[in-house]
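Asks: I have a structure here, written as structure tokens, and I will follow up with some questions on it.
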Amino acid sequence: MSSFDELEQIREQALAELADARTTAALESWEDRYLGRKGEITQRARLVGQLPQEDRPAYGQRVNEIKRLLGQAFEARAEEIKRTELATQLSAEAIDVTLPGRPVIPGHLHLTTQALRELYAIFGKMGFEVYEAPDVELEAYNFDLLNIPEYHPARDMWDTFWVKDTGEESGDRRLLRTHTSPGQMRAMRERCPEPIRVILPGKCYRYEQITVRSEHQFYQLEGLAVGKGITMTDLIGTLTQFARLFYGPDKAVRVRSSYFPFTEPSVELDAACIFCHGAGCAVCKYTGWLELAGAGMVHPVVLANGGYDPDVWSGFAFGPGVERPAMLRYSVEDIRLFYGNDLRFLRRF
Amino acid sequence: MKIPLSWLNDYVNVADLEIGALRQRLTLAGLEVESIEIIGHAGAELPWDPERVMSAAVLAVRPHPNADRLVLVEVDYGGPEHEIAVTGAPSLYARKGETGLDLKVAFAWEGAELYDGHAEGWVKSRLKKTQIRGEPSRAMVCSEKELGLSEAAGDIIYLSDDTPVGVPLVGILGDYVLDFEIKGPFGHLQSIYGIAREVSALCNRPLKRDPLAVAEAVGLKVASGANFVDLAIADPSLCPRYTATLIRDVEIKPSPLWMQLRLQRAGVRPINNVVDITNYVMLELGQPLHAFDYAEVRPRPGTTQPAIVVRPAAEGERMATLDGEMRVFDDQMLLITDGQGAVGIAGVMGGLDSEIGDDTRAVLLEAANFNFLNIRRTGQMLKLTTEASTRFGKRVDPDLTLPAAARAAELMRDLAHGSVDPVIADLYPGKPERRAIAYDPTLANRILGIEIPLPDQARILSALAFEVVDDGATWTVTVPSYRLDVGLPVDLVEEIARVWGYDRFPGTLIDEELPPLRRNHALEAEEHLRDLLMGLGLDEVITYSLIDPVDETRLRSEPDKALELPGECVVLQNPLAPERSQMRRTLLSGTLRTAWANLRYLDRIAIFEIGRIYTHVDAPDASTGQTGVAEPRHVGMLMTGVRDPLWWQTGAATREKLDYFDLKGVVDVMLDRLGLTAKVQWARPSEGKTHPSFHPGRCAVVSIGNRALGVLGELHPRVRDNFDLPEQPVLALEWDLEVLLDAADVADAEKQIGRLSPHAPVHEDLALVVDEATPAVEVKRAIEAAGRPLVTEVVLFDVYRGEQAGPGKKSLAFGLSYQAPDRSLSDRDVVKVRARIIKTVEKELGARLRGS
Ligand SMILES: [Zn+2]
């Protein structure tokens, strides 16, 4: 058998074995066997010196050709095996993708905080700044300066917690604020003679038995605008705007006359019932309307007490609820859930 | 306040108004109709079929041939023939055998739906043709219960004698009862007449009746004195007017059905005709009345004429009131006295001894007016509220006593066969001046923002009985006597606006310069912290500011170990309950109670609260607005329960409880986010200064600079027991939010980032052996200080105690990162810094390198 024939035989045998190699290990041993430093092809190349002179160039050329050819075949086969092996590995790594993920424990903001923030955002757009006032208030600020003198029947609108005197005092009685309105007086006295646009959020307290519908502690948010040309139509426009930002652009609003001792005229703003959209249902007591906010033009006595001349200045005030709209929106039937802090409830928001 | 429409219709025609439209008009004008009860008409619980339920006359009562307890009645219901109905009604049974009768009754025909008069509760049933003990029956005579008028399963009802037969009953007894929610203290709206005046103005309809004309119609003369009573008023400012009427020979008996029904529909229980009349007139006109038994009114000593003297009580004077209570008065309370002593508290409640009884023959009727603030003070002081005191407290028109007295006299004459003394005694020393307001009609435009034409303004005021005199630029507007709520020009603007109709007002936006814009940093920082803590997995709670004072005791592990709470606590004078009688000085008890309540349902609690605490710091001063109470904000946190939720990889068996380091981890991140990690000082409280609420060895006292932040730790087991919490670590924190946020503000102002290094850091470990008592944070800070600026991160990754560390020692292993902003570090750089660090910790903390 000639050296040339031998070469071709090795080539055929190598290609056949390569086709049989199934694993990376088999492939590596094949490479050693044929293309390695001591491999068949390498050995054959060293034989070139023993051949007749005239055969040498052709033989050398053929060895190189076969070496290259086997090298290419090797690369192709290696790629193929790698792919198969990866596919096998990946299919072995499959998981049940529906299993619950590793728990991450989220926190929650209290529903009242979320309700307040919504109000801050809406009134913030209209230029109202948040102004905070104390919970424990002077009787004068909670009542007298707001045009509600002692024994006046208007005081019946608020059942009051009074603070026990500590003994060494001036005689000025203190109470837990029954509404956020004393903040109006504080804002006016602090800001006078600037125009004012503030909202006053805060905890309020009323001497009320705790039931599903009433709490002794609740939040209020109240708005106050004072300027030189502020009118009832401004109040109506502002609250209509509020209703639409709060409930949606088509919300119907109505204004009706009402009474508060610290506003004159006083009104109540209703928005179309969110459940029946005005048709009438049990929630709205078949009126089609739900109370949105009590409001009115700041009473001249209150303006004057705040330092503003009522002949020059005017203003409006309004107080939308904080818990109640949230209760309506989410069908919360028990107000005690708010400050009883049942986490099963709070975590829903 | 419940107003039957039929009654209102006596004063102003409302019969032809659609009830929904009327409700709307009144509600928008400030007379809010909360609900409408429909009686008999379509829409009622039990509508009375006009074809089948009607008036009829019982003409004869005959025995039932087969039943001893029943009778057969012959009824004329307006049909072609008389109907025979079977009944067991006691009052008809009593007339068995009588003929030639004409008793007007309510009659129901086959097919009518009624309530079952004998069933418990309200059971509807349809009247069917049947036989009762062999007698055919297809109609019946109805009782109140069967018509749904009252729950009393009693006798049939009788209509007034002049009722025509065959008229639908709904036209006679049907009604709409409007329930008004009147918010303000408006005495003038507390009556049928008051509402009628409003309807008249709002709907442009004339009033049908003038109460002022009644006295004359009844033939009464008014004089300041009368021979039947000796009247005196000691202080006209407290009692501007007193009117007394005498009605003799009254016959006390039940009121007629129409009056009983009206009273019931207005929410007042009928008692007897005399009492009912006083109530009826009060509801109709708004004037409280009081009826004395004339025989019990005594003369002054030495005289024979019964006397009524209105005077302030002597301090300590006593009287038993109608409700049987003995009352003690102070010298500001106003009494009605006779010649001998007190017979009533003016405007509040009558005395027991002069009460009307079944044997009363002569009634002395009081219609008086009292100072509303004084009545309210008396009611509040005595904790006694009555229908009369509530009404007087909302201001009653003093002009009303006479019409009310006359109207009551008229009714006593008609319904109690009383003979009215022709003279009404009327003392009116406190007659007020008619009030006039100088009104500039451009004010309406300035306040309302819309132009209401002057003629319309004048028309509206006139419709509301204001007298308007147009003097040019300003008008003189005279206020009707009953509009005690109106005193300022702006009050007139409100009247004009509400009658003009708010539905005609457009909305505008404030067209004015904005006030100087300010940010509320305090609130923004607070809200930022809320977001931060929520992001760290805590649930926000808002607990009650009012707490149980015992909770402060529960927070103490030893009775003699004082809680160092700031300032004196704010206590309520009139708490709802002892458990809500004190303003909190700490957030701890609120979060602990929240944990307790939630552990019934949940096995893991991680909560925070941001809120105020309250302490007395100073005397209040209304002149400066100082309340004398400090209300700093605090932040509280609490964690307890299992650390991880159930998960399939960890299984249920190995669930660990949350411990100190869970809460500390949250706090560490919070401090990092606020830029305060390096500024906060942590310390275990020294011996004898431990916090009574916390485990003495697992509590950190935290401060920033020289300001105390608060505590963080594991609750003392005794305190945990005091709050009834389970045996597991309860981790809690309470810090002063003002201190925390102030420091965060400073840290934010100081924060400088510079350039971030593009070079990879070199990492290296360093294990140091220190005394057990040396806090890890100090070692870490010493490393950071000595390693500056190349050491960029120091992480403690192992704490080891044992043989290799030695007794009383611990080994702390730190991972250090070295990095320079401008170059890659070489081994030589690192070796140099490392040597410096080791030298420092050896010198400052007595540390040694582990293994050396
Ligand atoms: Zn509705």
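As shown in the structure tokens, the chain order sets the letters A, B, ...; within each chain, residues go from 1, and ligands are also counted from 1 in the order they appear.
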Around ligand 1, out to 9 Å and counting only C-alpha atoms and all ligand atoms, which residues are there? I want them as a list in words.
Replies: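 Result of the 9 Å neighbour search around ligand 1: Ala272, Cys273, Ile274, Phe275, Cys276, His277, Gly278, Ala279, Gly280, Cys281, Ala282, Val283, Cys284, Lys285, Tyr286, Thr287, Gly288, Trp289 and Leu290 of chain A.
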Asks: Could you write those residues out with C-alpha atoms, as a PDB file, in the first residue's frame?
Replies:
```pdb
ATOM      1  CA  ALA A 272     -73.797  63.009  42.381  1.00  0.00           C
ATOM      2  CA  CYS A 273     -73.995  59.739  44.278  1.00  0.00           C
ATOM      3  CA  ILE A 274     -71.114  57.470  43.277  1.00  0.00           C
ATOM      4  CA  PHE A 275     -73.325  54.408  43.507  1.00  0.00           C
ATOM      5  CA  CYS A 276     -76.507  55.385  41.674  1.00  0.00           C
ATOM      6  CA  HIS A 277     -75.151  58.391  39.730  1.00  0.00           C
ATOM      7  CA  GLY A 278     -78.106  60.474  40.743  1.00  0.00           C
ATOM      8  CA  ALA A 279     -80.901  57.967  40.329  1.00  0.00           C
ATOM      9  CA  GLY A 280     -81.329  57.478  44.078  1.00  0.00           C
ATOM     10  CA  CYS A 281     -80.276  54.576  46.277  1.00  0.00           C
ATOM     11  CA  ALA A 282     -80.067  53.593  49.925  1.00  0.00           C
ATOM     12  CA  VAL A 283     -76.575  55.081  50.374  1.00  0.00           C
ATOM     13  CA  CYS A 284     -77.679  58.557  49.284  1.00  0.00           C
ATOM     14  CA  LYS A 285     -81.027  58.155  51.057  1.00  0.00           C
ATOM     15  CA  TYR A 286     -82.712  58.329  47.652  1.00  0.00           C
ATOM     16  CA  THR A 287     -81.609  61.895  47.028  1.00  0.00           C
ATOM     17  CA  GLY A 288     -79.110  61.028  44.286  1.00  0.00           C
ATOM     18  CA  TRP A 289     -76.520  63.200  46.025  1.00  0.00           C
ATOM     19  CA  LEU A 290     -73.757  62.694  48.543  1.00  0.00           C
TER      20      LEU A 290
END
```
Asks: Using only C-alpha atoms, which protein or nucleic acid residues come within 8 Å of Val73 (chain B)? Drop anything in the same chain fewer than 3 positions from it, and give the result as an mmCIF file with all heavy atoms, in the first residue's frame.
Replies:
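Output contents, as saved in selection.cif:
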```cif
data_model
loop_
_atom_site.group_PDB
_atom_site.id
_atom_site.type_symbol
_atom_site.label_atom_id
_atom_site.label_comp_id
_atom_site.auth_asym_id
_atom_site.auth_seq_id
_atom_site.Cartn_x
_atom_site.Cartn_y
_atom_site.Cartn_z
ATOM 1 N N VAL B 58 -120.981 53.573 59.903
ATOM 2 C CA VAL B 58 -121.651 52.420 60.512
ATOM 3 C C VAL B 58 -123.037 52.897 60.941
ATOM 4 O O VAL B 58 -123.166 53.860 61.691
ATOM 5 C CB VAL B 58 -120.856 51.889 61.718
ATOM 6 C CG1 VAL B 58 -121.680 50.858 62.483
ATOM 7 C CG2 VAL B 58 -119.536 51.295 61.256
ATOM 8 N N LEU B 59 -124.071 52.192 60.408
ATOM 9 C CA LEU B 59 -125.444 52.653 60.672
ATOM 10 C C LEU B 59 -126.100 51.835 61.773
ATOM 11 O O LEU B 59 -126.957 52.345 62.498
ATOM 12 C CB LEU B 59 -126.282 52.547 59.394
ATOM 13 C CG LEU B 59 -125.694 53.287 58.172
ATOM 14 C CD1 LEU B 59 -126.548 53.047 56.939
ATOM 15 C CD2 LEU B 59 -125.581 54.779 58.464
ATOM 16 N N ALA B 60 -125.715 50.554 61.850
ATOM 17 C CA ALA B 60 -126.359 49.712 62.864
ATOM 18 C C ALA B 60 -125.416 48.583 63.247
ATOM 19 O O ALA B 60 -124.556 48.184 62.463
ATOM 20 C CB ALA B 60 -127.662 49.127 62.308
ATOM 21 N N VAL B 61 -125.545 48.083 64.473
ATOM 22 C CA VAL B 61 -124.736 46.966 64.958
ATOM 23 C C VAL B 61 -125.693 45.862 65.393
ATOM 24 O O VAL B 61 -126.558 46.077 66.249
ATOM 25 C CB VAL B 61 -123.855 47.395 66.140
ATOM 26 C CG1 VAL B 61 -122.978 46.230 66.580
ATOM 27 C CG2 VAL B 61 -123.025 48.619 65.793
ATOM 28 N N ARG B 62 -125.572 44.700 64.734
ATOM 29 C CA ARG B 62 -126.501 43.610 65.050
ATOM 30 C C ARG B 62 -125.718 42.417 65.584
ATOM 31 O O ARG B 62 -124.529 42.258 65.274
ATOM 32 C CB ARG B 62 -127.241 43.177 63.771
ATOM 33 C CG ARG B 62 -127.965 44.330 63.111
ATOM 34 C CD ARG B 62 -129.134 43.886 62.272
ATOM 35 N NE ARG B 62 -129.745 45.072 61.671
ATOM 36 C CZ ARG B 62 -129.364 45.592 60.498
ATOM 37 N NH1 ARG B 62 -128.429 45.015 59.771
ATOM 38 N NH2 ARG B 62 -129.950 46.680 60.048
ATOM 39 N N ILE B 84 -122.786 44.505 54.780
ATOM 40 C CA ILE B 84 -122.750 43.958 56.136
ATOM 41 C C ILE B 84 -121.335 43.410 56.375
ATOM 42 O O ILE B 84 -120.846 42.604 55.590
ATOM 43 C CB ILE B 84 -123.762 42.805 56.304
ATOM 44 C CG1 ILE B 84 -125.180 43.260 55.926
ATOM 45 C CG2 ILE B 84 -123.711 42.276 57.744
ATOM 46 C CD1 ILE B 84 -125.748 44.357 56.804
ATOM 47 N N ALA B 85 -120.701 43.897 57.414
ATOM 48 C CA ALA B 85 -119.348 43.418 57.718
ATOM 49 C C ALA B 85 -119.332 42.790 59.109
ATOM 50 O O ALA B 85 -120.113 43.176 59.987
ATOM 51 C CB ALA B 85 -118.357 44.577 57.668
ATOM 52 N N VAL B 86 -118.439 41.801 59.256
ATOM 53 C CA VAL B 86 -118.291 41.128 60.545
ATOM 54 C C VAL B 86 -117.144 41.776 61.303
ATOM 55 O O VAL B 86 -116.099 42.054 60.715
ATOM 56 C CB VAL B 86 -117.978 39.627 60.328
ATOM 57 C CG1 VAL B 86 -117.857 38.901 61.674
ATOM 58 C CG2 VAL B 86 -119.044 38.985 59.462
ATOM 59 N N THR B 87 -117.324 42.051 62.572
ATOM 60 C CA THR B 87 -116.231 42.624 63.347
ATOM 61 C C THR B 87 -116.301 42.194 64.809
ATOM 62 O O THR B 87 -117.373 41.823 65.301
ATOM 63 C CB THR B 87 -116.216 44.168 63.260
ATOM 64 O OG1 THR B 87 -115.119 44.656 64.037
ATOM 65 C CG2 THR B 87 -117.493 44.758 63.808
#
```
Asks: Distance CA of Glu552 (chain B)-CA of Arg584 (chain B), one decimal place?
Replies: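 Result for CA of Glu552 (chain B) versus CA of Arg584 (chain B): 8.9 Å, one decimal.
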Asks: List every residue of region 235-280 of chain A that DSSP, applied to the backbone, labels as alpha helix (DSSP H), and write the result as JSON, numbers by chain.
Replies: {"A": [235, 236, 237, 238, 239, 240, 241, 242, 243, 244, 245, 246, 247]}
Asks: Would you give me, as a PyMOL selection string, the residues of chain B that come within 7 Å of chain A, using only C-alpha atoms?
Replies: chain B and resi 27-30+183-185+373+376-377+393-394+446-449+490-491+494+498+502-503+505-510+515+520+534-544+570-576+594+598+619-622+627+629+645
Asks: Print the selection's residues with C-alpha atoms to a file, as a compact mmCIF listing (two decimals), in the first residue's frame.
Replies:
```
# COMPACT_ATOMS: atom_id res chain seq x y z
CA THR B 27 -83.29 71.48 50.38
CA LEU B 28 -81.40 73.82 48.07
CA ALA B 29 -82.61 76.81 50.09
CA GLY B 30 -81.14 75.38 53.29
CA LYS B 183 -78.48 72.68 61.02
CA GLY B 184 -78.40 76.10 62.55
CA PRO B 185 -79.89 77.44 65.78
CA LEU B 373 -78.26 81.85 76.58
CA ARG B 376 -78.96 76.96 77.65
CA ARG B 377 -76.68 77.58 80.59
CA GLY B 393 -82.09 77.64 73.36
CA LYS B 394 -82.41 78.27 69.64
CA ARG B 446 -68.87 91.61 46.13
CA ILE B 447 -69.51 88.52 48.25
CA LEU B 448 -71.38 86.35 45.77
CA GLY B 449 -69.57 87.15 42.54
CA VAL B 490 -73.96 89.80 55.00
CA ASP B 491 -76.84 87.90 56.60
CA GLU B 494 -77.25 84.95 52.39
CA ARG B 498 -80.46 81.11 48.89
CA TYR B 502 -77.40 78.50 44.19
CA ASP B 503 -78.24 76.44 41.12
CA PHE B 505 -74.49 80.44 40.34
CA PRO B 506 -71.68 79.70 37.88
CA GLY B 507 -68.32 78.43 39.09
CA THR B 508 -65.26 80.65 38.65
CA LEU B 509 -61.65 80.29 39.71
CA ILE B 510 -59.95 82.76 41.98
CA PRO B 515 -50.08 84.38 48.18
CA ASN B 520 -44.04 72.78 54.19
CA MET B 534 -43.43 51.51 54.04
CA GLY B 535 -40.70 50.60 51.56
CA LEU B 536 -38.92 48.74 54.34
CA GLY B 537 -41.94 46.52 54.77
CA LEU B 538 -43.71 48.19 57.70
CA ASP B 539 -47.45 48.84 57.79
CA GLU B 540 -48.52 52.27 58.91
CA VAL B 541 -51.00 52.53 61.76
CA ILE B 542 -52.75 55.57 63.21
CA THR B 543 -53.83 54.92 66.77
CA TYR B 544 -55.94 56.89 69.21
CA VAL B 570 -52.92 66.25 79.30
CA VAL B 571 -55.99 64.79 81.01
CA LEU B 572 -59.61 65.20 79.96
CA GLN B 573 -62.16 66.78 82.20
CA ASN B 574 -65.05 64.87 80.61
CA PRO B 575 -63.72 61.62 79.15
CA LEU B 576 -66.00 59.19 77.35
CA THR B 594 -52.42 47.32 67.92
CA ASN B 598 -53.85 41.91 65.35
CA ALA B 619 -49.91 78.02 80.98
CA PRO B 620 -52.24 78.72 78.05
CA ASP B 621 -52.58 82.27 76.85
CA ALA B 622 -55.44 83.14 74.55
CA THR B 627 -51.98 76.54 74.06
CA VAL B 629 -49.25 72.10 75.25
CA PRO B 645 -43.95 34.04 55.67
```
Asks: Please return, as a PyMOL selection string, all residues of region 65-296 of chain A that DSSP assigns to strand (DSSP E) on the basis of the backbone.
Replies: chain A and resi 129-130+136-138+174-176+196-205+217-227+253-260+263-272+289-296
Asks: Work out how far CA of Ala743 (chain B) is from CA of Ala773 (chain B), in Å to one decimal.
Replies: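 Between these atoms lies a distance of 28.6 Å.
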Asks: With a distance cut-off of 12 Å and only C-alpha atoms, select the neighbouring residues of Gly267 (chain B), excluding the residue or stretch itself and same-chain residues fewer than 2 positions from it, and output the selection as a CSV table (one decimal) with C-alpha atoms, in the first residue's frame.
Replies:
```csv
chain,number,residue,atom,x,y,z
B,1,MET,CA,-87.9,67.8,62.8
B,2,LYS,CA,-90.9,66.0,61.2
B,3,ILE,CA,-93.5,68.0,59.4
B,4,PRO,CA,-96.7,66.4,58.1
B,177,VAL,CA,-94.1,63.5,56.5
B,178,LEU,CA,-91.0,65.6,55.7
B,179,ASP,CA,-88.1,65.0,58.1
B,260,GLN,CA,-103.2,62.3,67.7
B,261,LEU,CA,-102.1,61.4,64.2
B,262,ARG,CA,-100.5,64.7,63.6
B,263,LEU,CA,-98.6,64.5,66.9
B,264,GLN,CA,-97.6,61.0,66.2
B,265,ARG,CA,-96.4,61.9,62.7
B,269,ARG,CA,-96.7,60.7,71.8
B,270,PRO,CA,-100.3,61.7,72.5
B,279,ASN,CA,-97.5,70.1,72.3
B,280,TYR,CA,-99.6,70.7,69.3
B,283,LEU,CA,-95.1,72.2,67.0
B,387,GLU,CA,-88.2,69.9,74.1
```
Asks: Contacts of region 251-254 of chain B at 9 Å or less, counting only C-alpha atoms, minus same-chain residues fewer than 2 places along, as a list in words?
Replies: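 Neighbouring residues, sequence-local ones excluded: Asp249, Pro256, Leu257, Gln260, Pro270, Ile271, Asn272, Asn273, Val274, Asp276, Gly357, Asp358, Asp359, Thr360, Arg361, Leu415, Ala416, His417 and Gly418 of chain B.
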Asks: Can you write out the residues you just picked, keeping N, CA, C and O atoms, as a short mmCIF file (atom, residue, chain, number, x, y, z; two decimals), in the first residue's frame?
Replies:
```cif
data_model
loop_
_atom_site.label_atom_id
_atom_site.label_comp_id
_atom_site.auth_asym_id
_atom_site.auth_seq_id
_atom_site.Cartn_x
_atom_site.Cartn_y
_atom_site.Cartn_z
N ASP B 249 -112.83 74.68 83.67
CA ASP B 249 -113.78 73.59 83.35
C ASP B 249 -113.33 72.72 82.20
O ASP B 249 -114.13 72.32 81.35
N PRO B 256 -108.78 64.12 69.75
CA PRO B 256 -109.36 63.47 68.56
C PRO B 256 -108.28 62.83 67.69
O PRO B 256 -107.11 63.20 67.76
N LEU B 257 -108.73 61.90 66.84
CA LEU B 257 -107.79 61.14 66.01
C LEU B 257 -106.88 62.04 65.19
O LEU B 257 -105.68 61.82 65.10
N GLN B 260 -104.14 63.37 67.30
CA GLN B 260 -103.22 62.30 67.69
C GLN B 260 -102.32 61.90 66.53
O GLN B 260 -101.12 61.69 66.71
N PRO B 270 -99.14 61.13 71.92
CA PRO B 270 -100.33 61.75 72.51
C PRO B 270 -100.53 61.28 73.95
O PRO B 270 -100.27 60.12 74.25
N ILE B 271 -100.98 62.18 74.83
CA ILE B 271 -101.20 61.81 76.23
C ILE B 271 -102.65 62.10 76.62
O ILE B 271 -103.44 61.19 76.81
N ASN B 272 -103.01 63.36 76.74
CA ASN B 272 -104.42 63.73 76.89
C ASN B 272 -104.62 65.06 76.20
O ASN B 272 -103.65 65.70 75.79
N ASN B 273 -105.86 65.48 76.09
CA ASN B 273 -106.12 66.65 75.26
C ASN B 273 -105.36 67.90 75.71
O ASN B 273 -104.81 68.62 74.89
N VAL B 274 -105.28 68.14 77.02
CA VAL B 274 -104.64 69.38 77.48
C VAL B 274 -103.12 69.35 77.18
O VAL B 274 -102.57 70.29 76.62
N ASP B 276 -101.69 67.41 75.01
CA ASP B 276 -101.54 67.35 73.55
C ASP B 276 -101.65 68.73 72.93
O ASP B 276 -100.92 69.06 71.98
N GLY B 357 -103.10 66.98 86.17
CA GLY B 357 -103.50 65.59 86.44
C GLY B 357 -104.89 65.32 85.90
O GLY B 357 -105.54 66.22 85.34
N ASP B 358 -105.37 64.09 86.10
CA ASP B 358 -106.68 63.74 85.58
C ASP B 358 -107.80 64.54 86.25
O ASP B 358 -108.87 64.73 85.69
N ASP B 359 -107.50 65.03 87.45
CA ASP B 359 -108.54 65.78 88.16
C ASP B 359 -108.42 67.29 87.98
O ASP B 359 -109.12 68.05 88.62
N THR B 360 -107.51 67.70 87.11
CA THR B 360 -107.36 69.14 86.86
C THR B 360 -108.63 69.69 86.23
O THR B 360 -109.16 69.10 85.29
N ARG B 361 -109.09 70.81 86.74
CA ARG B 361 -110.31 71.43 86.19
C ARG B 361 -110.00 72.76 85.53
O ARG B 361 -110.65 73.16 84.58
N LEU B 415 -111.66 71.40 72.01
CA LEU B 415 -111.38 69.98 72.21
C LEU B 415 -111.46 69.54 73.66
O LEU B 415 -111.44 68.35 73.95
N ALA B 416 -111.49 70.50 74.59
CA ALA B 416 -111.56 70.11 76.00
C ALA B 416 -112.77 70.78 76.67
O ALA B 416 -112.86 70.79 77.90
N HIS B 417 -113.64 71.34 75.84
CA HIS B 417 -114.83 72.04 76.35
C HIS B 417 -114.48 73.06 77.40
O HIS B 417 -115.25 73.32 78.31
N GLY B 418 -113.30 73.65 77.31
CA GLY B 418 -112.86 74.61 78.32
C GLY B 418 -113.55 75.96 78.11
O GLY B 418 -113.93 76.31 77.00
#
```
Asks: Between CA of Lys561 (chain B) and CA of His716 (chain B), what is the distance in Å, rounded to a tenth?
Replies: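 Computing it gives 12.5 Å between the two atoms.
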Asks: With only C-alpha atoms as the atoms that count, which of A:Met188, A:Ala14, A:Ala45, A:Ala25 lies nearest to Leu70 (chain A)?
Replies: A:Ala14
Asks: Write out as a ChimeraX atom specification each polymer residue whose atoms come within 10 Å of region 195-207 of chain B, counting only C-alpha atoms; drop sequence neighbours fewer than 2 positions from it.
Replies: /B:3,7-14,17,22,25-26,29,31,180,188-193,209-210,284-285,459-465,498-501
Asks: Write out as a ChimeraX atom specification the residues lying within 10 Å of region 71-81 of chain A, counting only C-alpha atoms and excluding same-chain residues fewer than 2 positions away.
Replies: /A:14-15,18-24,27-28,30-31,34-35,65-69,83-87
Asks: Do a neighbour search on region 180-184 of chain A at 7 Å with only C-alpha atoms, toss out local chain neighbours closer than 3 positions, and write the hits as an mmCIF file with N, CA and C atoms, in the first residue's frame.
Replies:
```cif
data_model
loop_
_atom_site.group_PDB
_atom_site.id
_atom_site.type_symbol
_atom_site.label_atom_id
_atom_site.label_comp_id
_atom_site.auth_asym_id
_atom_site.auth_seq_id
_atom_site.Cartn_x
_atom_site.Cartn_y
_atom_site.Cartn_z
ATOM 1 N N ALA A 133 -52.003 72.854 62.529
ATOM 2 C CA ALA A 133 -52.309 73.545 63.784
ATOM 3 C C ALA A 133 -52.435 72.495 64.893
ATOM 4 N N TYR A 141 -59.947 79.808 70.250
ATOM 5 C CA TYR A 141 -59.668 79.534 68.842
ATOM 6 C C TYR A 141 -60.655 78.542 68.255
ATOM 7 N N ASN A 142 -61.062 77.578 69.073
ATOM 8 C CA ASN A 142 -61.979 76.565 68.561
ATOM 9 C C ASN A 142 -63.393 77.124 68.420
ATOM 10 N N ARG A 177 -59.490 69.918 69.773
ATOM 11 C CA ARG A 177 -60.205 70.615 68.711
ATOM 12 C C ARG A 177 -61.303 69.711 68.142
ATOM 13 N N ALA A 187 -53.853 80.498 60.931
ATOM 14 C CA ALA A 187 -53.254 80.861 59.645
ATOM 15 C C ALA A 187 -53.440 82.356 59.387
ATOM 16 N N MET A 188 -54.647 82.862 59.673
ATOM 17 C CA MET A 188 -54.902 84.277 59.407
ATOM 18 C C MET A 188 -54.015 85.159 60.275
ATOM 19 N N LEU A 200 -55.903 72.805 55.779
ATOM 20 C CA LEU A 200 -55.585 72.508 57.168
ATOM 21 C C LEU A 200 -56.043 71.085 57.469
ATOM 22 N N PRO A 201 -55.106 70.151 57.465
ATOM 23 C CA PRO A 201 -55.494 68.783 57.810
ATOM 24 C C PRO A 201 -55.294 68.539 59.296
ATOM 25 N N GLY A 202 -55.919 67.529 59.827
ATOM 26 C CA GLY A 202 -55.601 67.187 61.211
ATOM 27 C C GLY A 202 -56.608 66.290 61.885
ATOM 28 N N CYS A 204 -59.204 65.397 64.625
ATOM 29 C CA CYS A 204 -60.190 66.116 65.418
ATOM 30 C C CYS A 204 -60.851 65.132 66.371
ATOM 31 N N GLN A 220 -59.985 65.677 59.647
ATOM 32 C CA GLN A 220 -60.656 66.654 58.811
ATOM 33 C C GLN A 220 -59.607 67.326 57.952
ATOM 34 N N LEU A 221 -60.070 67.871 56.869
ATOM 35 C CA LEU A 221 -59.189 68.722 56.080
ATOM 36 C C LEU A 221 -60.040 69.895 55.661
ATOM 37 N N GLU A 222 -59.493 71.058 55.861
ATOM 38 C CA GLU A 222 -60.286 72.252 55.653
ATOM 39 C C GLU A 222 -59.477 73.204 54.803
ATOM 40 N N LEU A 224 -58.901 77.206 53.215
ATOM 41 C CA LEU A 224 -59.182 78.618 53.482
ATOM 42 C C LEU A 224 -58.505 79.462 52.415
#
```
Asks: Taking into account only C-alpha atoms, which residue in the set B:Gly808, B:Gly754, B:Pro761, B:Gly97 is nearest to Leu790 (chain B)?
Replies: B:Pro761
Asks: Here is a test: counting only C-alpha atoms, which residue of A:Asp159, A:Asp270, A:Glu6, A:Glu118 is nearest to Glu323 (chain A)?
Replies: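 Closest residue, counting only C-alpha atoms: A:Glu118.
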